[in-house]
$ cat data.cif   # mmCIF, C-alpha atoms
data_query
loop_
_atom_site.label_atom_id
_atom_site.label_comp_id
_atom_site.auth_asym_id
_atom_site.auth_seq_id
_atom_site.Cartn_x
_atom_site.Cartn_y
_atom_site.Cartn_z
CA LYS A 1 -24.07 -58.16 -39.30
CA ALA A 2 -22.12 -58.38 -36.05
CA GLY A 3 -20.77 -55.13 -34.63
CA VAL A 4 -17.28 -54.29 -33.45
CA THR A 5 -16.19 -56.80 -30.84
CA GLN A 6 -13.64 -55.97 -28.19
CA THR A 7 -12.15 -58.47 -25.78
CA PRO A 8 -11.80 -58.67 -22.91
CA ARG A 9 -14.54 -56.43 -21.57
CA TYR A 10 -12.78 -55.83 -18.26
CA LEU A 11 -9.16 -56.22 -17.27
CA ILE A 12 -7.28 -55.68 -14.04
CA LYS A 13 -3.50 -55.44 -14.09
CA THR A 14 -0.77 -54.20 -11.79
CA ARG A 15 1.85 -51.57 -12.47
CA GLY A 16 4.73 -52.76 -14.60
CA GLN A 17 2.78 -55.50 -16.32
CA GLN A 18 1.86 -55.47 -19.99
CA VAL A 19 -1.53 -55.98 -21.57
CA THR A 20 -2.94 -56.85 -24.99
CA LEU A 21 -6.40 -55.80 -26.08
CA SER A 22 -8.19 -57.24 -29.06
CA CYS A 23 -10.61 -55.78 -31.56
CA SER A 24 -12.56 -57.53 -34.29
CA PRO A 25 -14.03 -55.04 -36.75
CA ILE A 26 -17.29 -55.35 -38.62
CA SER A 27 -16.97 -57.85 -41.43
CA GLY A 28 -15.61 -56.15 -44.54
CA HIS A 29 -14.21 -53.14 -42.69
CA ARG A 30 -10.54 -52.52 -43.34
CA SER A 31 -9.84 -49.56 -41.07
CA VAL A 32 -9.45 -49.87 -37.31
CA SER A 33 -8.81 -47.00 -34.90
CA TRP A 34 -8.15 -47.00 -31.19
CA TYR A 35 -9.13 -44.35 -28.66
CA GLN A 36 -8.47 -43.95 -24.96
CA GLN A 37 -11.24 -42.52 -22.76
CA THR A 38 -10.55 -41.20 -19.26
CA PRO A 39 -12.55 -38.87 -17.01
CA GLY A 40 -9.70 -36.36 -16.96
CA GLN A 41 -8.48 -36.35 -20.56
CA GLY A 42 -11.65 -37.39 -22.35
CA LEU A 43 -11.39 -39.24 -25.66
CA GLN A 44 -7.94 -39.28 -27.21
CA PHE A 45 -6.80 -40.88 -30.44
CA LEU A 46 -4.19 -43.60 -30.15
CA PHE A 47 -3.64 -44.92 -33.68
CA GLU A 48 -5.30 -46.04 -36.87
CA TYR A 49 -4.62 -49.00 -39.11
CA PHE A 50 -5.74 -49.63 -42.66
CA SER A 51 -4.89 -52.81 -44.52
CA GLU A 52 -2.29 -53.77 -41.91
CA THR A 53 -0.49 -50.41 -42.13
CA GLN A 54 -0.44 -47.79 -39.41
CA ARG A 55 -1.70 -44.60 -41.04
CA ASN A 56 -1.91 -42.22 -38.11
CA LYS A 57 -0.59 -42.15 -34.58
CA GLY A 58 -1.66 -40.02 -31.65
CA ASN A 59 0.50 -38.39 -29.05
CA PHE A 60 1.10 -41.35 -26.77
CA PRO A 61 4.40 -42.79 -25.53
CA GLY A 62 6.04 -45.72 -27.24
CA ARG A 63 4.69 -48.06 -24.56
CA PHE A 64 1.48 -48.01 -26.57
CA SER A 65 1.65 -50.04 -29.75
CA GLY A 66 -0.69 -51.80 -32.08
CA ARG A 67 -0.96 -53.95 -35.12
CA GLN A 68 -3.50 -55.15 -37.63
CA PHE A 69 -3.71 -58.60 -39.12
CA SER A 70 -4.61 -59.64 -42.63
CA ASN A 71 -8.20 -60.37 -41.56
CA SER A 72 -8.42 -56.74 -40.28
CA ARG A 73 -8.52 -57.78 -36.63
CA SER A 74 -6.40 -55.50 -34.50
CA GLU A 75 -4.57 -55.66 -31.22
CA MET A 76 -3.11 -52.96 -29.08
CA ASN A 77 -0.44 -53.53 -26.50
CA VAL A 78 0.57 -51.45 -23.54
CA SER A 79 3.84 -52.33 -21.87
CA THR A 80 5.11 -51.34 -18.43
CA LEU A 81 1.67 -50.29 -17.26
CA GLU A 82 1.28 -47.15 -15.19
CA LEU A 83 -1.61 -46.13 -12.93
CA GLY A 84 -2.51 -43.43 -15.44
CA ASP A 85 -3.16 -46.04 -18.11
CA SER A 86 -6.41 -46.96 -16.37
CA ALA A 87 -9.04 -46.12 -18.94
CA LEU A 88 -11.72 -47.35 -21.28
CA TYR A 89 -10.06 -48.32 -24.55
CA LEU A 90 -12.37 -48.05 -27.53
CA CYS A 91 -11.89 -49.57 -30.92
CA ALA A 92 -13.68 -48.30 -33.99
CA SER A 93 -13.88 -49.66 -37.50
CA SER A 94 -14.87 -48.19 -40.83
CA ALA A 95 -15.28 -49.61 -44.28
CA GLY A 96 -12.84 -47.34 -46.03
CA ALA A 97 -10.16 -44.76 -45.47
CA GLY A 98 -12.05 -41.58 -46.33
CA ALA A 99 -12.22 -38.74 -43.82
CA ALA A 100 -16.02 -38.71 -43.96
CA GLU A 101 -16.26 -42.40 -43.19
CA LYS A 102 -18.64 -43.40 -40.44
CA LEU A 103 -16.90 -45.00 -37.48
CA PHE A 104 -18.54 -47.88 -35.66
CA PHE A 105 -17.37 -48.24 -32.06
CA GLY A 106 -17.14 -51.29 -29.89
CA SER A 107 -18.21 -51.31 -26.25
CA GLY A 108 -14.61 -51.00 -25.13
CA THR A 109 -12.22 -52.69 -22.76
CA GLN A 110 -12.15 -51.22 -19.27
CA LEU A 111 -8.56 -51.46 -18.03
CA SER A 112 -7.79 -50.93 -14.37
CA VAL A 113 -4.16 -50.67 -13.30
CA LEU A 114 -3.54 -51.22 -9.59
CA ALA B 1 -5.00 -28.19 -35.76
CA GLN B 2 -8.70 -28.73 -35.36
CA SER B 3 -10.51 -28.60 -32.05
CA VAL B 4 -14.04 -28.54 -30.70
CA THR B 5 -15.46 -26.93 -27.62
CA GLN B 6 -18.65 -28.14 -26.01
CA LEU B 7 -20.30 -25.54 -23.82
CA GLY B 8 -21.81 -27.04 -20.71
CA SER B 9 -20.61 -30.31 -19.26
CA HIS B 10 -24.09 -31.01 -17.89
CA VAL B 11 -27.46 -30.11 -19.34
CA SER B 12 -30.76 -30.93 -17.67
CA VAL B 13 -34.12 -30.70 -19.44
CA SER B 14 -37.64 -31.84 -18.71
CA GLU B 15 -39.20 -34.63 -20.73
CA GLY B 16 -40.83 -33.07 -23.79
CA ALA B 17 -38.65 -29.96 -23.71
CA LEU B 18 -36.25 -28.80 -26.38
CA VAL B 19 -32.74 -30.24 -26.24
CA LEU B 20 -29.89 -27.93 -27.27
CA LEU B 21 -26.30 -29.09 -26.95
CA ARG B 22 -23.66 -26.60 -28.08
CA CYS B 23 -20.53 -27.28 -30.07
CA ASN B 24 -18.07 -24.81 -31.59
CA TYR B 25 -15.20 -25.85 -33.77
CA SER B 26 -11.87 -24.36 -34.66
CA SER B 27 -10.42 -25.10 -38.07
CA SER B 28 -8.83 -23.16 -40.89
CA VAL B 29 -11.17 -24.80 -43.39
CA PRO B 30 -14.63 -26.27 -42.80
CA PRO B 31 -13.97 -29.73 -41.44
CA TYR B 32 -16.11 -32.81 -41.16
CA LEU B 33 -18.20 -32.63 -37.99
CA PHE B 34 -19.87 -35.40 -36.05
CA TRP B 35 -22.11 -35.91 -33.05
CA TYR B 36 -21.81 -39.15 -31.10
CA VAL B 37 -23.83 -40.45 -28.16
CA GLN B 38 -22.55 -42.74 -25.42
CA TYR B 39 -24.87 -44.64 -23.12
CA PRO B 40 -23.51 -46.00 -19.83
CA ASN B 41 -21.07 -48.87 -20.25
CA GLN B 42 -21.27 -48.70 -24.01
CA GLY B 43 -19.23 -47.41 -26.91
CA LEU B 44 -20.08 -44.42 -29.04
CA GLN B 45 -22.87 -44.35 -31.58
CA LEU B 46 -22.96 -41.88 -34.45
CA LEU B 47 -25.98 -39.58 -34.36
CA LEU B 48 -25.19 -37.52 -37.44
CA LYS B 49 -22.38 -36.05 -39.49
CA TYR B 50 -21.74 -32.94 -41.57
CA THR B 51 -19.78 -33.35 -44.77
CA SER B 52 -20.80 -30.14 -46.58
CA ALA B 53 -23.69 -31.57 -48.57
CA ALA B 54 -26.28 -29.65 -46.52
CA THR B 55 -25.98 -27.29 -43.58
CA LEU B 56 -28.94 -28.81 -41.74
CA VAL B 57 -28.20 -32.41 -40.96
CA LYS B 58 -30.80 -34.85 -39.71
CA GLY B 59 -29.72 -37.81 -37.67
CA ILE B 60 -31.14 -40.73 -35.80
CA ASN B 61 -33.58 -40.61 -32.88
CA GLY B 62 -35.00 -37.24 -33.96
CA PHE B 63 -31.76 -35.29 -33.55
CA GLU B 64 -30.53 -32.70 -35.99
CA ALA B 65 -27.67 -30.21 -36.18
CA GLU B 66 -27.04 -27.08 -38.17
CA PHE B 67 -23.63 -26.13 -39.50
CA LYS B 68 -23.07 -22.37 -39.25
CA LYS B 69 -19.78 -21.32 -40.77
CA SER B 70 -20.10 -17.71 -39.66
CA GLU B 71 -20.44 -18.83 -36.05
CA THR B 72 -18.15 -21.89 -36.38
CA SER B 73 -20.89 -23.83 -34.65
CA PHE B 74 -22.55 -27.21 -35.01
CA HIS B 75 -25.18 -27.32 -32.27
CA LEU B 76 -27.27 -30.44 -31.71
CA THR B 77 -31.01 -30.12 -31.18
CA LYS B 78 -34.06 -32.26 -30.61
CA PRO B 79 -37.53 -30.72 -30.39
CA SER B 80 -38.83 -32.95 -27.61
CA ALA B 81 -36.66 -34.80 -25.11
CA HIS B 82 -37.39 -38.35 -24.14
CA MET B 83 -36.20 -40.17 -21.04
CA SER B 84 -34.17 -42.50 -23.26
CA ASP B 85 -32.11 -39.53 -24.50
CA ALA B 86 -30.26 -39.37 -21.18
CA ALA B 87 -26.65 -40.06 -22.10
CA GLU B 88 -23.36 -38.33 -22.80
CA TYR B 89 -22.99 -36.55 -26.12
CA PHE B 90 -19.75 -35.82 -27.89
CA CYS B 91 -19.06 -33.44 -30.72
CA ALA B 92 -16.09 -34.40 -32.89
CA VAL B 93 -14.14 -32.92 -35.77
CA ARG B 94 -12.01 -34.46 -38.45
CA GLY B 95 -9.94 -32.64 -41.03
CA ARG B 96 -10.36 -33.12 -44.74
CA ASP B 97 -6.62 -33.69 -45.06
CA THR B 98 -6.17 -37.42 -45.49
CA GLY B 99 -3.06 -37.19 -43.37
CA ARG B 100 -5.00 -36.05 -40.34
CA ARG B 101 -7.81 -38.54 -40.05
CA ALA B 102 -8.07 -38.84 -36.29
CA LEU B 103 -11.29 -37.71 -34.72
CA THR B 104 -10.80 -34.93 -32.18
CA PHE B 105 -13.53 -35.04 -29.58
CA GLY B 106 -14.99 -32.40 -27.36
CA SER B 107 -15.11 -32.96 -23.63
CA GLY B 108 -18.69 -34.17 -23.76
CA THR B 109 -22.06 -33.00 -22.43
CA ARG B 110 -24.04 -35.19 -20.10
CA LEU B 111 -27.75 -34.82 -20.80
CA GLN B 112 -30.17 -35.46 -17.97
CA VAL B 113 -33.88 -35.74 -18.71
CA GLN B 114 -36.24 -35.07 -15.84
CA PRO B 115 -39.70 -36.69 -15.79
#
$ encode --input "data.cif" --output "structure tokens"
Amino acid sequence: KAGVTQTPRYLIKTRGQQVTLSCSPISGHRSVSWYQQTPGQGLQFLFEYFSETQRNKGNFPGRFSGRQFSNSRSEMNVSTLELGDSALYLCASSAGAGAAEKLFFGSGTQLSVL
Amino acid sequence: AQSVTQLGSHVSVSEGALVLLRCNYSSSVPPYLFWYVQYPNQGLQLLLKYTSAATLVKGINGFEAEFKKSETSFHLTKPSAHMSDAAEYFCAVRGRDTGRRALTFGSGTRLQVQP
């Protein structure tokens, strides 16, 4: 079974641009979560989707948004990029919505904002 | 709100020595607790999780962790370190409330294994 796939693997953008990151969960998984990882702030939760509905949202500005499609694939979008948005963005999927569910992480998208 | 604190951002051990990575949690009720490992340029991989079934949890790659409510701790151990264990380790907590499902991670501990 293929793991969580994130594309692209690396991305370079300039300030003010917008970016869309993609995540394909493990087949059959219906929950997708996104996390931002930076050296300074560590791992921070962005949002979670289950069956196309956003269930939880972290403490990030409205420039960060996401969506989930009917096939469970998810995208996150960051508009008006800032230097501080440079980070590794990790997507994780799980089969169900329970709190004890095991999360499977992708390798991430490394975003650099110049 | 739940939180976790990992004591020691860097830990160095010799190959074959005991690995002990410390994690303390803060929560009004016993939460779900997890240990993840991250190798360079990769995502996170679950090592083990505590869901209240047993206080001593065995995970992959020879790792185990013990949940101690009285100490609010969930330390990760491995009897004998291997070079391949060099990585960054994250402790994480998640509440049992279905409305608060986000994982809250500790700041991570980088494990170095010396030959």
$ closest_residue --input "data.cif" --among "A:Cys23, A:Met76, A:Leu83, A:Val4" --to "chain B" --atoms "only C-alpha atoms"
A:Val4
$ resolve_selection --input "data.cif" --expression "the PyMOL selection byres ((chain A) within 7 of (chain B))" --output "compact mmCIF listing (two decimals) with C-alpha atoms, in the frame of the given file"
# COMPACT_ATOMS: atom_id res chain seq x y z
CA GLY A 42 -11.65 -37.39 -22.35
CA LEU A 43 -11.39 -39.24 -25.66
CA PHE A 45 -6.80 -40.88 -30.44
CA LEU A 90 -12.37 -48.05 -27.53
CA ALA A 99 -12.22 -38.74 -43.82
CA ALA A 100 -16.02 -38.71 -43.96
CA PHE A 104 -18.54 -47.88 -35.66
CA PHE A 105 -17.37 -48.24 -32.06
CA GLY A 106 -17.14 -51.29 -29.89
CA SER A 107 -18.21 -51.31 -26.25
CA GLY A 108 -14.61 -51.00 -25.13
$ residues_around --input "data.cif" --residues "B:Lys78" --least-positions-apart "3" --cutoff "12 Å" --atoms "only C-alpha atoms" --output "list in words"
Val13, Glu15, Gly16, Ala17, Leu18, Val19, Leu20, Leu21, Leu47, Val57, Lys58, Gly59, Ile60, Asn61, Gly62, Phe63, Glu64, Ala65, Glu66, His75, Ala81, His82, Asp85 and Leu111 of chain B
$ atom_distance --input "data.cif" --atom1 "atom CA of B:Val29" --atom2 "atom CA of B:Phe74"
14.3 Å
$ residues_near_point --input "data.cif" --point "(0.1, -55.3, -38.1)" --cutoff "6 Å" --atoms "all atoms listed in the file" --output "PyMOL selection string"
chain A and resi 52+67-69
$ write_last_selection --input "data.cif" --atoms "C-alpha atoms" --output "PDB file, in the frame of the given file"
ATOM      1  CA  GLU A  52      -2.290 -53.770 -41.910  1.00  0.00           C
ATOM      2  CA  ARG A  67      -0.960 -53.950 -35.120  1.00  0.00           C
ATOM      3  CA  GLN A  68      -3.500 -55.150 -37.630  1.00  0.00           C
ATOM      4  CA  PHE A  69      -3.710 -58.600 -39.120  1.00  0.00           C
TER       5      PHE A  69
END
$ atom_distance --input "data.cif" --atom1 "atom CA of A:Tyr89" --atom2 "atom CA of A:Gln17"
16.9 Å
$ resolve_selection --input "data.cif" --expression "the PyMOL selection byres ((chain A and resi 25) around 10)" --output "MDAnalysis selection string"
chainID A and resid 2:6 22:24 26:33 71:74 91:95 104:106
